[in-house]
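Read through the structure below, which is laid out as C-alpha cells, and then see the notes.
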Amino acid sequence: MRTNIPPHLLQDPEVEASEKVLRACVHCGFCNATCPTYLLTGNELEGPRGRIYLIKSMLEEDTPPSRQTVEHIDNCLGCLACETTCPSGVDYSLLLETARPRLDQLVKRPLADRLLRALLTRLLPYPGRTRLALRMSGLGRAFSGLMPRAMRPLLAMAPKRLPRPAAVARPGVVPAAGETRLRVALLTGCVQQVLGPQINDATVRLLTRLGAEVVIPPDMGCCGALTFHMGERQRSLKLMQRTIAVWHRELKMGGLDAIVLNTSGCGTAIKEYDHIFRRDPQWADKAKAVVERVRDVSEVVAQLGLGAANRAPALKVAYHDACSLQHGQHVTEPPRQLLRAAGFEVVEVPEGHICCGSAGTYNMLRPHLAQKLQARKAAHIASVAPQVVAAGNIGCMEQIAGSTAVPVVHTVELLDWATGGPRPAGVPTEAAEH
C-alpha cells in the first residue's frame, strides 16, 4: 500500500513503524472473512482492511479524526484473527496498538465513555478494588436506573456471589511434590484472582504434582495488559515495568526455567514486552530476559507430561480457542493434546477462530457487539452438545458462561482433576452415553 505520511510525523518511531505495516498491506481483503465485526455488520470500515485505511488517512492528513473513525477503531476486538488469515504478514496488532493511544490524544470522547474508561483503568488492575466493587454491585443494581447507560452493562455482568480467595496459590514458594524438574513463576492475574481463584489453585496443584516448584512473588501485580489494549499508556507502562522488575529479580535470585501464564489475555501483551520497551535502555534487556521465559501453562504441562492421568471419566469437552492463545500466541495443539491424554473426548466448536466477544474489556466497552458474538458462540457450542466447555482465558470463560448452561472451566482444572485433584464445580461425574 502506498503511503504519503508527512515527514515530520515520520520522525516519531511509532509512526515510522506504522508506515512499514501499512506498506505491507496489499488490499486483498482476506482478513474480512475472519473478522468478527465485519461478519456481524458487513461494513467495510468494520473490517481490518477498512480500519487500516482509516489509520492511514489519520496519519496522512495529520488532523484529528472524526468520531465515526474513532468508533470504527474502538469496535475492533483486537482478536488478531486477521493476522492469522493475512497472506502478506501484516502486523495489524502493532498498527492497532499504535493507533489507539494516538486517538485518545487527538479526540475527546463523550463524557460517559471517558468515565467508564477511567473506572476500568483504576479498578481492574487491582484485585482489592475489584473485589470491593463487585461486592457493592448488588447495591448498584438497585439503583441501576439512575446510573449512566454506559455503566449498566457492568452491573449486568457482575456475579451475585464471589468465590473464596485462593487456598493454594498464595505468595511464596510451593515445592514440587517429588523430584524438582522445573522452577517456575506463576502470574496469578488481577481479575482472575477475584473471579477465578480456583484456576490458580488448580494450576499450582497440577504443576507441583508434575515436578515443578512454583514461585508466586509477594509483590506480583497486574501485568498491564487490560489497560494497554484499551490504549491507555501511562498506568499500563508502570504496571509492566513493575512486573518486569519482579520477575527479573526472581531470575537473578533463584533462577526460573519458565514464567507460566494461565491467563492467555495477559500472555499476548507480556510476550510483547521486549518490543514495547525496545528503545528504553533501562528496561530493554530486562524485558527481553523475561519474554524469553514466558510460556502458556499448557506448554509447560506438555513439557512435564501428565504422568498417571485418566482418573476422570471420558467427558465430552468442547475446547474453546481463546483468540489471545490461538491468534496472539499461536498455541492451539498443546491444550487439545493434553485433554485427550487425560482421557477426555475433545470436540471442535464450529467457527472456533471467531472471537466470543470478551476481548479483555471489550464486552464492557462495546456490549452491543459483544453480546451478538456471545450468542453466536453459544449457538455453536450448543450444536456439538458438550458436557463441559474448556478454555484457557478467564475473560472467555466469563463471557461464554453468561450464555450457556454447560459448565465452563479452565483447561488446567480438568487436567488437575484427571491427575488426582478435585472435580471442578458443576462438571459431571460420568461421560454421556452415545
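Ordering of the C-alpha cells sets the chain letters (A, B, ...), residue numbers begin anew at 1 in every chain, and ligands are numbered from 1 in the order given.
Across region 290-375 of chain A, DSSP run on the backbone finds strand (DSSP E) at A:Val294, A:Arg295, A:Asp296, A:Lys316, A:Val317, A:Ala318, A:Tyr319, A:Glu345, A:Val346, A:Val347, A:Glu348.
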field: Within 12 Å of Arg114 (chain A) using only C-alpha atoms, minus same-chain residues under 3 positions, as a VMD selection string
entry: chain A and resid 104 107 to 111 117 to 121 148 150 to 151 230 232 365
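For the pair CA of Pro159 (chain A) and CA of Ala431 (chain A), the separation is 28.9 Å.
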task: For Pro165 (chain A), work out the shell of residues within 9 Å, counting only C-alpha atoms and skipping chain neighbours fewer than 4 positions away, then give it as a VMD selection string.
output: chain A and resid 193 to 194 196 to 198
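From CA of Ala17 (chain A) back to CA of Tyr92 (chain A), the distance works out to 11.3 Å.
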Within 10 Å of Thr69 (chain A), counting only C-alpha atoms, which residues qualify if same-chain residues fewer than 3 places away don't, as an mmCIF file with N, CA and C atoms, in the first residue's frame?
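See selection-v3.cif below for the written result:
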```cif
data_model
loop_
_atom_site.group_PDB
_atom_site.id
_atom_site.type_symbol
_atom_site.label_atom_id
_atom_site.label_comp_id
_atom_site.auth_asym_id
_atom_site.auth_seq_id
_atom_site.Cartn_x
_atom_site.Cartn_y
_atom_site.Cartn_z
ATOM 1 N N LEU A 45 -15.750 -0.699 6.722
ATOM 2 C CA LEU A 45 -14.998 0.029 7.739
ATOM 3 C C LEU A 45 -15.011 -0.687 9.080
ATOM 4 N N ARG A 51 -10.233 -0.544 8.507
ATOM 5 C CA ARG A 51 -9.582 0.138 9.626
ATOM 6 C C ARG A 51 -8.157 0.546 9.260
ATOM 7 N N LEU A 54 -8.476 3.723 7.471
ATOM 8 C CA LEU A 54 -8.782 4.821 8.389
ATOM 9 C C LEU A 54 -7.528 5.289 9.123
ATOM 10 N N ILE A 55 -6.714 4.355 9.577
ATOM 11 C CA ILE A 55 -5.485 4.712 10.285
ATOM 12 C C ILE A 55 -4.515 5.405 9.323
ATOM 13 N N SER A 57 -5.309 7.187 6.682
ATOM 14 C CA SER A 57 -5.824 8.540 6.435
ATOM 15 C C SER A 57 -5.543 9.453 7.620
ATOM 16 N N MET A 58 -5.690 8.924 8.835
ATOM 17 C CA MET A 58 -5.441 9.729 10.035
ATOM 18 C C MET A 58 -3.995 10.217 10.059
ATOM 19 N N PRO A 64 -7.145 15.747 13.493
ATOM 20 C CA PRO A 64 -7.952 14.909 14.380
ATOM 21 C C PRO A 64 -8.985 14.114 13.583
ATOM 22 N N PRO A 65 -9.103 12.823 13.828
ATOM 23 C CA PRO A 65 -10.071 12.005 13.106
ATOM 24 C C PRO A 65 -11.493 12.301 13.568
ATOM 25 N N SER A 66 -12.447 11.876 12.780
ATOM 26 C CA SER A 66 -13.856 12.078 13.124
ATOM 27 C C SER A 66 -14.280 11.097 14.214
ATOM 28 N N HIS A 72 -15.190 3.223 14.686
ATOM 29 C CA HIS A 72 -14.795 2.036 13.919
ATOM 30 C C HIS A 72 -13.545 1.379 14.515
ATOM 31 N N ILE A 73 -12.593 2.174 14.979
ATOM 32 C CA ILE A 73 -11.387 1.616 15.600
ATOM 33 C C ILE A 73 -11.740 0.997 16.948
ATOM 34 N N ASP A 74 -12.587 1.685 17.719
ATOM 35 C CA ASP A 74 -12.992 1.156 19.022
ATOM 36 C C ASP A 74 -13.741 -0.169 18.883
ATOM 37 N N ASN A 75 -14.457 -0.329 17.779
ATOM 38 C CA ASN A 75 -15.228 -1.559 17.579
ATOM 39 C C ASN A 75 -14.346 -2.773 17.289
ATOM 40 N N LEU A 103 -5.333 8.078 19.064
ATOM 41 C CA LEU A 103 -6.727 8.533 19.011
ATOM 42 C C LEU A 103 -7.116 9.231 20.311
#
```
field: Length of the CA of Met397 (chain A) to CA of Gly128 (chain A) vector [Å]
entry: 21.2 Å
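Counting only C-alpha atoms, Gly254 (chain A) has the following residues at most 12 Å away, ignoring those fewer than 3 positions along the same chain: Val173, Leu182, Arg183, Val184, Ala185, Glu213, Val214, Val215, Pro217, Trp247, His248, Arg249, Glu250, Leu251 and Asp257 of chain A.
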Restricting the output to N, CA and C atoms, write the selected residues as a JSON list (two decimals), in the first residue's frame.
```
[["chain", "number", "residue", "atom", "x", "y", "z"],
["A", 173, "VAL", "N", 6.70, -19.80, 47.90],
["A", 173, "VAL", "CA", 7.24, -20.87, 47.07],
["A", 173, "VAL", "C", 6.56, -22.17, 47.44],
["A", 182, "LEU", "N", 11.48, -28.59, 37.32],
["A", 182, "LEU", "CA", 11.48, -27.21, 36.82],
["A", 182, "LEU", "C", 11.24, -26.26, 37.98],
["A", 183, "ARG", "N", 11.73, -25.06, 37.83],
["A", 183, "ARG", "CA", 11.39, -23.99, 38.78],
["A", 183, "ARG", "C", 10.72, -22.89, 37.97],
["A", 184, "VAL", "N", 9.46, -22.59, 38.31],
["A", 184, "VAL", "CA", 8.70, -21.65, 37.50],
["A", 184, "VAL", "C", 8.05, -20.59, 38.39],
["A", 185, "ALA", "N", 7.78, -19.44, 37.78],
["A", 185, "ALA", "CA", 6.99, -18.40, 38.43],
["A", 185, "ALA", "C", 5.61, -18.39, 37.82],
["A", 213, "GLU", "N", 8.55, -26.67, 40.89],
["A", 213, "GLU", "CA", 8.49, -25.79, 42.04],
["A", 213, "GLU", "C", 7.91, -24.46, 41.56],
["A", 214, "VAL", "N", 6.88, -23.98, 42.25],
["A", 214, "VAL", "CA", 6.15, -22.80, 41.79],
["A", 214, "VAL", "C", 6.41, -21.61, 42.70],
["A", 215, "VAL", "N", 6.85, -20.53, 42.10],
["A", 215, "VAL", "CA", 7.13, -19.29, 42.83],
["A", 215, "VAL", "C", 6.03, -18.28, 42.51],
["A", 217, "PRO", "N", 5.63, -14.50, 43.54],
["A", 217, "PRO", "CA", 6.23, -13.36, 44.25],
["A", 217, "PRO", "C", 5.18, -12.59, 45.05],
["A", 247, "TRP", "N", 9.87, -10.10, 38.15],
["A", 247, "TRP", "CA", 10.34, -11.34, 37.54],
["A", 247, "TRP", "C", 11.85, -11.34, 37.32],
["A", 248, "HIS", "N", 12.40, -10.20, 36.97],
["A", 248, "HIS", "CA", 13.85, -10.13, 36.76],
["A", 248, "HIS", "C", 14.58, -10.38, 38.07],
["A", 249, "ARG", "N", 14.03, -9.91, 39.15],
["A", 249, "ARG", "CA", 14.62, -10.18, 40.47],
["A", 249, "ARG", "C", 14.65, -11.68, 40.76],
["A", 250, "GLU", "N", 13.53, -12.36, 40.42],
["A", 250, "GLU", "CA", 13.47, -13.81, 40.63],
["A", 250, "GLU", "C", 14.47, -14.53, 39.73],
["A", 251, "LEU", "N", 14.65, -14.03, 38.52],
["A", 251, "LEU", "CA", 15.62, -14.63, 37.61],
["A", 251, "LEU", "C", 17.04, -14.55, 38.19],
["A", 257, "ASP", "N", 13.05, -21.47, 35.18],
["A", 257, "ASP", "CA", 13.03, -22.17, 33.90],
["A", 257, "ASP", "C", 11.93, -21.63, 33.00]]
```
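Residue nearest Ala302 (chain A) within the list A:Leu94, A:Ala318, A:Ala405, A:Leu206: A:Leu206 [criterion: smallest interatomic distance, only C-alpha atoms].
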- request: Just the alpha helix (DSSP H) stuff from region 130-351 of chain A, please, per backbone DSSP, written as a PyMOL selection string.
  value: chain A and resi 130-135+137-142+152-157+191-195+197-209+225-229+234-253+264-270+273-276+284-291+297-304+323-326+333-341
Store the residues picked out above, limited to C-alpha atoms, as a compact mmCIF listing (two decimals), in the first residue's frame.
```txt
# COMPACT_ATOMS: atom_id res chain seq x y z
CA THR A 130 -12.27 -5.08 42.01
CA ARG A 131 -13.44 -7.35 44.84
CA LEU A 132 -14.88 -4.40 46.77
CA ALA A 133 -16.65 -3.05 43.68
CA LEU A 134 -18.20 -6.43 42.89
CA ARG A 135 -19.42 -6.80 46.49
CA SER A 137 -22.68 -4.33 42.78
CA GLY A 138 -25.88 -5.53 44.46
CA LEU A 139 -26.49 -2.01 45.73
CA GLY A 140 -25.69 -0.69 42.28
CA ARG A 141 -28.31 -2.95 40.69
CA ALA A 142 -30.96 -1.47 42.95
CA ARG A 152 -25.24 -0.57 33.24
CA PRO A 153 -23.59 -3.50 31.38
CA LEU A 154 -21.00 -3.67 34.17
CA LEU A 155 -23.74 -4.33 36.70
CA ALA A 156 -25.37 -6.94 34.50
CA MET A 157 -22.07 -8.81 34.18
CA VAL A 191 -9.25 -10.06 37.71
CA GLN A 192 -8.63 -13.82 37.82
CA GLN A 193 -7.65 -13.59 41.49
CA VAL A 194 -11.17 -12.34 42.17
CA LEU A 195 -13.35 -14.21 39.66
CA PRO A 197 -9.05 -18.19 42.14
CA GLN A 198 -9.79 -21.89 41.63
CA ILE A 199 -7.89 -21.69 38.33
CA ASN A 200 -4.72 -20.61 40.13
CA ASP A 201 -5.16 -23.29 42.78
CA ALA A 202 -5.59 -25.97 40.10
CA THR A 203 -2.52 -24.66 38.26
CA VAL A 204 -0.30 -24.85 41.34
CA ARG A 205 -1.54 -28.32 42.28
CA LEU A 206 -1.02 -29.60 38.74
CA LEU A 207 2.44 -28.12 38.26
CA THR A 208 3.78 -29.24 41.64
CA ARG A 209 2.30 -32.72 41.16
CA ALA A 225 -2.40 -5.98 29.52
CA LEU A 226 -6.04 -4.97 30.09
CA THR A 227 -5.41 -1.25 30.16
CA PHE A 228 -2.68 -1.35 27.49
CA HIS A 229 -5.08 -2.90 24.99
CA GLN A 234 0.75 5.97 31.50
CA ARG A 235 -0.54 3.46 34.06
CA SER A 236 -0.06 0.45 31.79
CA LEU A 237 3.65 1.01 31.28
CA LYS A 238 4.22 1.46 35.01
CA LEU A 239 2.44 -1.82 35.72
CA MET A 240 4.53 -3.54 33.06
CA GLN A 241 7.76 -2.16 34.47
CA ARG A 242 6.84 -3.38 37.93
CA THR A 243 6.08 -6.83 36.55
CA ILE A 244 9.38 -6.95 34.68
CA ALA A 245 11.26 -5.85 37.82
CA VAL A 246 9.64 -8.55 39.99
CA TRP A 247 10.34 -11.34 37.54
CA HIS A 248 13.85 -10.13 36.76
CA ARG A 249 14.62 -10.18 40.47
CA GLU A 250 13.47 -13.81 40.63
CA LEU A 251 15.62 -14.63 37.61
CA LYS A 252 18.70 -13.23 39.36
CA MET A 253 17.97 -14.65 42.83
CA SER A 264 -3.77 -16.04 27.81
CA GLY A 265 -5.08 -12.50 27.51
CA CYS A 266 -2.10 -11.42 29.61
CA GLY A 267 0.21 -13.55 27.51
CA THR A 268 -0.24 -11.62 24.28
CA ALA A 269 0.88 -8.39 25.96
CA ILE A 270 3.65 -9.89 28.09
CA TYR A 273 7.31 -6.55 26.50
CA ASP A 274 10.60 -6.67 24.62
CA HIS A 275 9.04 -4.77 21.70
CA ILE A 276 7.24 -2.28 23.94
CA ALA A 284 15.02 -3.33 27.22
CA ASP A 285 17.40 -6.09 28.37
CA LYS A 286 15.30 -6.97 31.40
CA ALA A 287 12.15 -7.19 29.26
CA LYS A 288 13.91 -9.45 26.78
CA ALA A 289 15.09 -11.79 29.55
CA VAL A 290 11.54 -12.04 30.84
CA VAL A 291 9.93 -12.64 27.44
CA VAL A 297 0.64 -23.23 31.15
CA SER A 298 -0.36 -25.81 28.54
CA GLU A 299 3.11 -25.62 27.00
CA VAL A 300 4.79 -26.22 30.37
CA VAL A 301 2.46 -29.09 31.29
CA ALA A 302 3.10 -30.67 27.88
CA GLN A 303 6.84 -30.46 28.59
CA LEU A 304 6.43 -32.10 32.01
CA CYS A 323 -8.11 -15.54 20.48
CA SER A 324 -5.18 -14.46 22.60
CA LEU A 325 -3.94 -18.05 22.60
CA GLN A 326 -4.62 -19.17 19.02
CA GLU A 333 -2.48 -28.08 19.86
CA PRO A 334 -0.99 -28.46 23.38
CA PRO A 335 -4.32 -27.91 25.23
CA ARG A 336 -6.16 -30.35 22.95
CA GLN A 337 -3.42 -32.97 23.18
CA LEU A 338 -3.32 -32.72 26.97
CA LEU A 339 -7.09 -33.06 27.32
CA ARG A 340 -7.07 -36.15 25.11
CA ALA A 341 -4.13 -37.60 27.02
```
